[in-house]
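What follows is one structure encoded as structure tokens, with my remarks underneath.
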Amino acid sequence: MITDVALDPYTSHGQDGLIDTTGYVLNEATVTALVKQALCHAEAGVDLVAPSDMMDGRIGAIREALDAAGAERTRILAYSAKYASSFYGPFRDAVGSAANLGGGNKYTYQMDPANTDEALWEVYLDIQEGADMVMVKPGLP
């Protein structure tokens with residue numbers, strides 16, 4: 001069983017992370033919340049957690065927490081290169097986060113599809129942090 005580790009279905013603003021009063025996504029606070037979510041999923045018995053949020057350092061933090069909790073066999077599928085894309089519209093509609101974005105976007109933490117160097121770097125970092133598998137999303141139009 002694979003579960004998505006993300007906050008956007010649960011936030012009133014539709015972003016993948018916790019935000020400050022100006023709407024800025026707070027990376028470190030979000031990673032802390034994602035670690036708690038991944039641990040909860042592992043305790044429930046999932047085989048694989050898939051953090052889809054694109055926060056920096058989340059894979060290493062989740063791997064460390066899973067190992068410390070004795071869940072070292074819980075695998076991590078990293079959304080390593082998650083491009084900013086309109087293809088996510090149907091998913092956002094399904095989970096109800098599209099309306100919460102209020103015309104906003106996720107371009108500050110999702111990747112520019114033209115920046116292939118950044119994609120390769122992010123894949124490398126996620127593997128170094130302990131990802132068992134990596135994903136490029138969306139893979140095809």
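Convention: chains lettered A, B, ... in structure tokens order; per-chain residue numbering from 1; ligands numbered from 1 as shown.
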Open item on the list: I'd like the contact shell of A:Thr74 - 12 Å cut-off, only C-alpha atoms, skipping same-chain residues fewer than 6 positions apart - returned as a PyMOL selection string.
Closed with: chain A and resi 1-3+38-50+62-68+130-133
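Excluding A:Asp126 itself and any same-chain residue fewer than 4 positions from it, the protein and nucleic acid residues within 8 Å of it, counting only C-alpha atoms, are Ile59, Gly60, Ala78, Ser80, Glu122, Gly130, Ala131 and Val134 of chain A.
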Filtering to N, CA, C and O atoms, could you give me those residues as a compact mmCIF listing (two decimals), in the first residue's frame?
# COMPACT_ATOMS: atom_id res chain seq x y z
N ILE A 59 12.81 14.32 2.47
CA ILE A 59 13.12 12.89 2.34
C ILE A 59 14.08 12.46 3.45
O ILE A 59 13.85 11.45 4.11
N GLY A 60 15.12 13.23 3.69
CA GLY A 60 16.06 12.91 4.76
C GLY A 60 15.40 12.90 6.12
O GLY A 60 15.65 12.01 6.94
N ALA A 78 9.96 9.30 -3.61
CA ALA A 78 10.12 10.76 -3.64
C ALA A 78 9.58 11.34 -4.93
O ALA A 78 9.94 10.89 -6.02
N SER A 80 10.56 13.63 -6.80
CA SER A 80 11.80 14.38 -6.89
C SER A 80 11.74 15.53 -7.86
O SER A 80 12.31 16.60 -7.61
N GLU A 122 17.67 17.64 -7.94
CA GLU A 122 16.69 17.24 -6.93
C GLU A 122 16.59 15.72 -6.83
O GLU A 122 16.45 15.17 -5.73
N GLY A 130 17.92 9.31 1.12
CA GLY A 130 17.34 8.02 1.48
C GLY A 130 16.12 7.58 0.72
O GLY A 130 15.46 6.62 1.12
N ALA A 131 15.80 8.23 -0.39
CA ALA A 131 14.66 7.78 -1.20
C ALA A 131 14.94 6.40 -1.78
O ALA A 131 16.05 6.11 -2.22
N VAL A 134 12.31 7.26 -7.06
CA VAL A 134 12.07 8.66 -7.41
C VAL A 134 11.03 8.73 -8.53
O VAL A 134 10.84 7.78 -9.27
Distance query A:Gln37 at most 9 Å, only C-alpha atoms, self and fewer than 5 positions along chain excluded, as a short mmCIF file (atom, residue, chain, number, x, y, z; two decimals) with C-alpha atoms, in the first residue's frame:
data_model
loop_
_atom_site.label_atom_id
_atom_site.label_comp_id
_atom_site.auth_asym_id
_atom_site.auth_seq_id
_atom_site.Cartn_x
_atom_site.Cartn_y
_atom_site.Cartn_z
CA VAL A 5 2.20 12.36 2.37
CA ALA A 6 1.00 15.91 1.80
CA LEU A 7 -0.85 18.72 3.48
CA THR A 32 8.02 18.71 10.67
CA ALA A 42 3.95 3.81 8.74
#
TODO: Could you please determine the separation between atom CA of A:Thr22 and atom CA of A:Leu125 in Å, to one decimal place?
DONE: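 Atom CA of A:Thr22 sits 29.0 Å away from atom CA of A:Leu125.
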Expected answer as a JSON list (two decimals) with N, CA, C and O atoms, in the first residue's frame: helix (DSSP H, G or I) residues in stretch 15-64 of chain A:
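As written to disk, states_6.json reads:
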[["chain", "number", "residue", "atom", "x", "y", "z"],
["A", 27, "ASN", "N", 9.04, 26.14, 4.88],
["A", 27, "ASN", "CA", 9.63, 24.84, 4.58],
["A", 27, "ASN", "C", 9.84, 23.98, 5.83],
["A", 27, "ASN", "O", 9.39, 22.84, 5.90],
["A", 28, "GLU", "N", 10.56, 24.49, 6.82],
["A", 28, "GLU", "CA", 10.93, 23.68, 7.97],
["A", 28, "GLU", "C", 9.72, 23.24, 8.78],
["A", 28, "GLU", "O", 9.62, 22.08, 9.21],
["A", 29, "ALA", "N", 8.78, 24.14, 9.01],
["A", 29, "ALA", "CA", 7.57, 23.78, 9.75],
["A", 29, "ALA", "C", 6.76, 22.74, 8.99],
["A", 29, "ALA", "O", 6.18, 21.83, 9.58],
["A", 30, "THR", "N", 6.74, 22.86, 7.68],
["A", 30, "THR", "CA", 6.02, 21.89, 6.86],
["A", 30, "THR", "C", 6.69, 20.53, 6.94],
["A", 30, "THR", "O", 6.00, 19.50, 7.07],
["A", 31, "VAL", "N", 8.01, 20.49, 6.87],
["A", 31, "VAL", "CA", 8.72, 19.20, 6.96],
["A", 31, "VAL", "C", 8.41, 18.52, 8.28],
["A", 31, "VAL", "O", 8.19, 17.31, 8.33],
["A", 32, "THR", "N", 8.36, 19.28, 9.37],
["A", 32, "THR", "CA", 8.02, 18.71, 10.67],
["A", 32, "THR", "C", 6.64, 18.05, 10.64],
["A", 32, "THR", "O", 6.45, 16.94, 11.14],
["A", 33, "ALA", "N", 5.68, 18.72, 10.03],
["A", 33, "ALA", "CA", 4.32, 18.17, 9.92],
["A", 33, "ALA", "C", 4.30, 16.93, 9.02],
["A", 33, "ALA", "O", 3.62, 15.94, 9.31],
["A", 34, "LEU", "N", 5.08, 16.96, 7.94],
["A", 34, "LEU", "CA", 5.12, 15.81, 7.02],
["A", 34, "LEU", "C", 5.74, 14.59, 7.68],
["A", 34, "LEU", "O", 5.31, 13.45, 7.43],
["A", 35, "VAL", "N", 6.75, 14.81, 8.51],
["A", 35, "VAL", "CA", 7.36, 13.69, 9.24],
["A", 35, "VAL", "C", 6.32, 13.03, 10.13],
["A", 35, "VAL", "O", 6.21, 11.80, 10.17],
["A", 36, "LYS", "N", 5.55, 13.83, 10.85],
["A", 36, "LYS", "CA", 4.49, 13.27, 11.71],
["A", 36, "LYS", "C", 3.48, 12.48, 10.89],
["A", 36, "LYS", "O", 3.04, 11.40, 11.30],
["A", 37, "GLN", "N", 3.12, 13.01, 9.74],
["A", 37, "GLN", "CA", 2.16, 12.32, 8.87],
["A", 37, "GLN", "C", 2.74, 11.00, 8.37],
["A", 37, "GLN", "O", 2.07, 9.97, 8.39],
["A", 38, "ALA", "N", 3.99, 11.01, 7.93],
["A", 38, "ALA", "CA", 4.63, 9.78, 7.44],
["A", 38, "ALA", "C", 4.73, 8.73, 8.54],
["A", 38, "ALA", "O", 4.50, 7.54, 8.30],
["A", 39, "LEU", "N", 5.06, 9.15, 9.75],
["A", 39, "LEU", "CA", 5.12, 8.21, 10.87],
["A", 39, "LEU", "C", 3.76, 7.60, 11.17],
["A", 39, "LEU", "O", 3.66, 6.39, 11.45],
["A", 40, "CYS", "N", 2.72, 8.39, 11.08],
["A", 40, "CYS", "CA", 1.37, 7.90, 11.29],
["A", 40, "CYS", "C", 1.01, 6.84, 10.23],
["A", 40, "CYS", "O", 0.45, 5.79, 10.54],
["A", 41, "HIS", "N", 1.37, 7.12, 8.99],
["A", 41, "HIS", "CA", 1.09, 6.18, 7.91],
["A", 41, "HIS", "C", 1.87, 4.87, 8.12],
["A", 41, "HIS", "O", 1.32, 3.78, 7.93],
["A", 42, "ALA", "N", 3.13, 5.00, 8.51],
["A", 42, "ALA", "CA", 3.95, 3.81, 8.74],
["A", 42, "ALA", "C", 3.38, 2.98, 9.88],
["A", 42, "ALA", "O", 3.33, 1.75, 9.80],
["A", 43, "GLU", "N", 2.96, 3.64, 10.95],
["A", 43, "GLU", "CA", 2.37, 2.94, 12.08],
["A", 43, "GLU", "C", 1.09, 2.20, 11.66],
["A", 43, "GLU", "O", 0.78, 1.13, 12.19],
["A", 44, "ALA", "N", 0.38, 2.76, 10.69],
["A", 44, "ALA", "CA", -0.84, 2.12, 10.19],
["A", 44, "ALA", "C", -0.53, 0.93, 9.29],
["A", 44, "ALA", "O", -1.44, 0.18, 8.93],
["A", 58, "ARG", "N", 12.81, 17.08, 3.02],
["A", 58, "ARG", "CA", 11.76, 16.22, 3.57],
["A", 58, "ARG", "C", 12.12, 14.75, 3.51],
["A", 58, "ARG", "O", 11.78, 13.99, 4.42],
["A", 59, "ILE", "N", 12.81, 14.32, 2.47],
["A", 59, "ILE", "CA", 13.12, 12.89, 2.34],
["A", 59, "ILE", "C", 14.08, 12.46, 3.45],
["A", 59, "ILE", "O", 13.85, 11.45, 4.11],
["A", 60, "GLY", "N", 15.12, 13.23, 3.69],
["A", 60, "GLY", "CA", 16.06, 12.91, 4.76],
["A", 60, "GLY", "C", 15.40, 12.90, 6.12],
["A", 60, "GLY", "O", 15.65, 12.01, 6.94],
["A", 61, "ALA", "N", 14.55, 13.88, 6.38],
["A", 61, "ALA", "CA", 13.87, 13.97, 7.68],
["A", 61, "ALA", "C", 12.92, 12.79, 7.87],
["A", 61, "ALA", "O", 12.85, 12.20, 8.95],
["A", 62, "ILE", "N", 12.19, 12.43, 6.82],
["A", 62, "ILE", "CA", 11.26, 11.30, 6.92],
["A", 62, "ILE", "C", 12.03, 9.99, 7.08],
["A", 62, "ILE", "O", 11.67, 9.16, 7.91],
["A", 63, "ARG", "N", 13.11, 9.81, 6.31],
["A", 63, "ARG", "CA", 13.89, 8.58, 6.41],
["A", 63, "ARG", "C", 14.46, 8.42, 7.83],
["A", 63, "ARG", "O", 14.40, 7.34, 8.42],
["A", 64, "GLU", "N", 14.99, 9.50, 8.36],
["A", 64, "GLU", "CA", 15.57, 9.46, 9.71],
["A", 64, "GLU", "C", 14.50, 9.11, 10.75],
["A", 64, "GLU", "O", 14.73, 8.29, 11.63]]
Open item on the list: Please determine, counting only C-alpha atoms, which residue among A:Ala81, A:Ser12, A:Asp20, A:Met54 has the shortest atom-to-atom distance to A:Leu120.
Closed with: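 The shortest atom-to-atom distance to A:Leu120 comes from A:Ala81.
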Residues near A:Val136, anyone? I mean within 10 Å using only C-alpha atoms, not counting same-chain ones fewer than 3 positions away, as a short mmCIF file (atom, residue, chain, number, x, y, z; two decimals) with N, CA and C atoms, in the first residue's frame.
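This went into out.cif:
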data_model
loop_
_atom_site.label_atom_id
_atom_site.label_comp_id
_atom_site.auth_asym_id
_atom_site.auth_seq_id
_atom_site.Cartn_x
_atom_site.Cartn_y
_atom_site.Cartn_z
N ALA A 78 9.96 9.30 -3.61
CA ALA A 78 10.12 10.76 -3.64
C ALA A 78 9.58 11.34 -4.93
N TYR A 79 8.73 12.34 -4.80
CA TYR A 79 8.34 13.15 -5.95
C TYR A 79 9.52 14.10 -6.17
N SER A 80 10.56 13.63 -6.80
CA SER A 80 11.80 14.38 -6.89
C SER A 80 11.74 15.53 -7.86
N ALA A 81 11.10 15.32 -8.98
CA ALA A 81 10.95 16.38 -9.98
C ALA A 81 9.46 16.55 -10.24
N LYS A 82 8.84 17.39 -9.45
CA LYS A 82 7.41 17.65 -9.60
C LYS A 82 7.26 19.04 -10.22
N TYR A 83 6.86 19.02 -11.49
CA TYR A 83 6.78 20.25 -12.25
C TYR A 83 5.48 21.01 -12.00
N ALA A 119 16.05 19.53 -12.02
CA ALA A 119 15.39 18.23 -11.86
C ALA A 119 16.41 17.16 -11.52
N VAL A 123 16.67 15.02 -7.94
CA VAL A 123 16.69 13.55 -7.91
C VAL A 123 17.91 13.07 -7.13
N GLY A 139 4.82 12.99 -15.99
CA GLY A 139 5.81 12.34 -16.85
C GLY A 139 5.57 12.60 -18.33
N LEU A 140 4.33 12.67 -18.70
CA LEU A 140 3.96 12.88 -20.11
C LEU A 140 2.71 13.74 -20.17
#
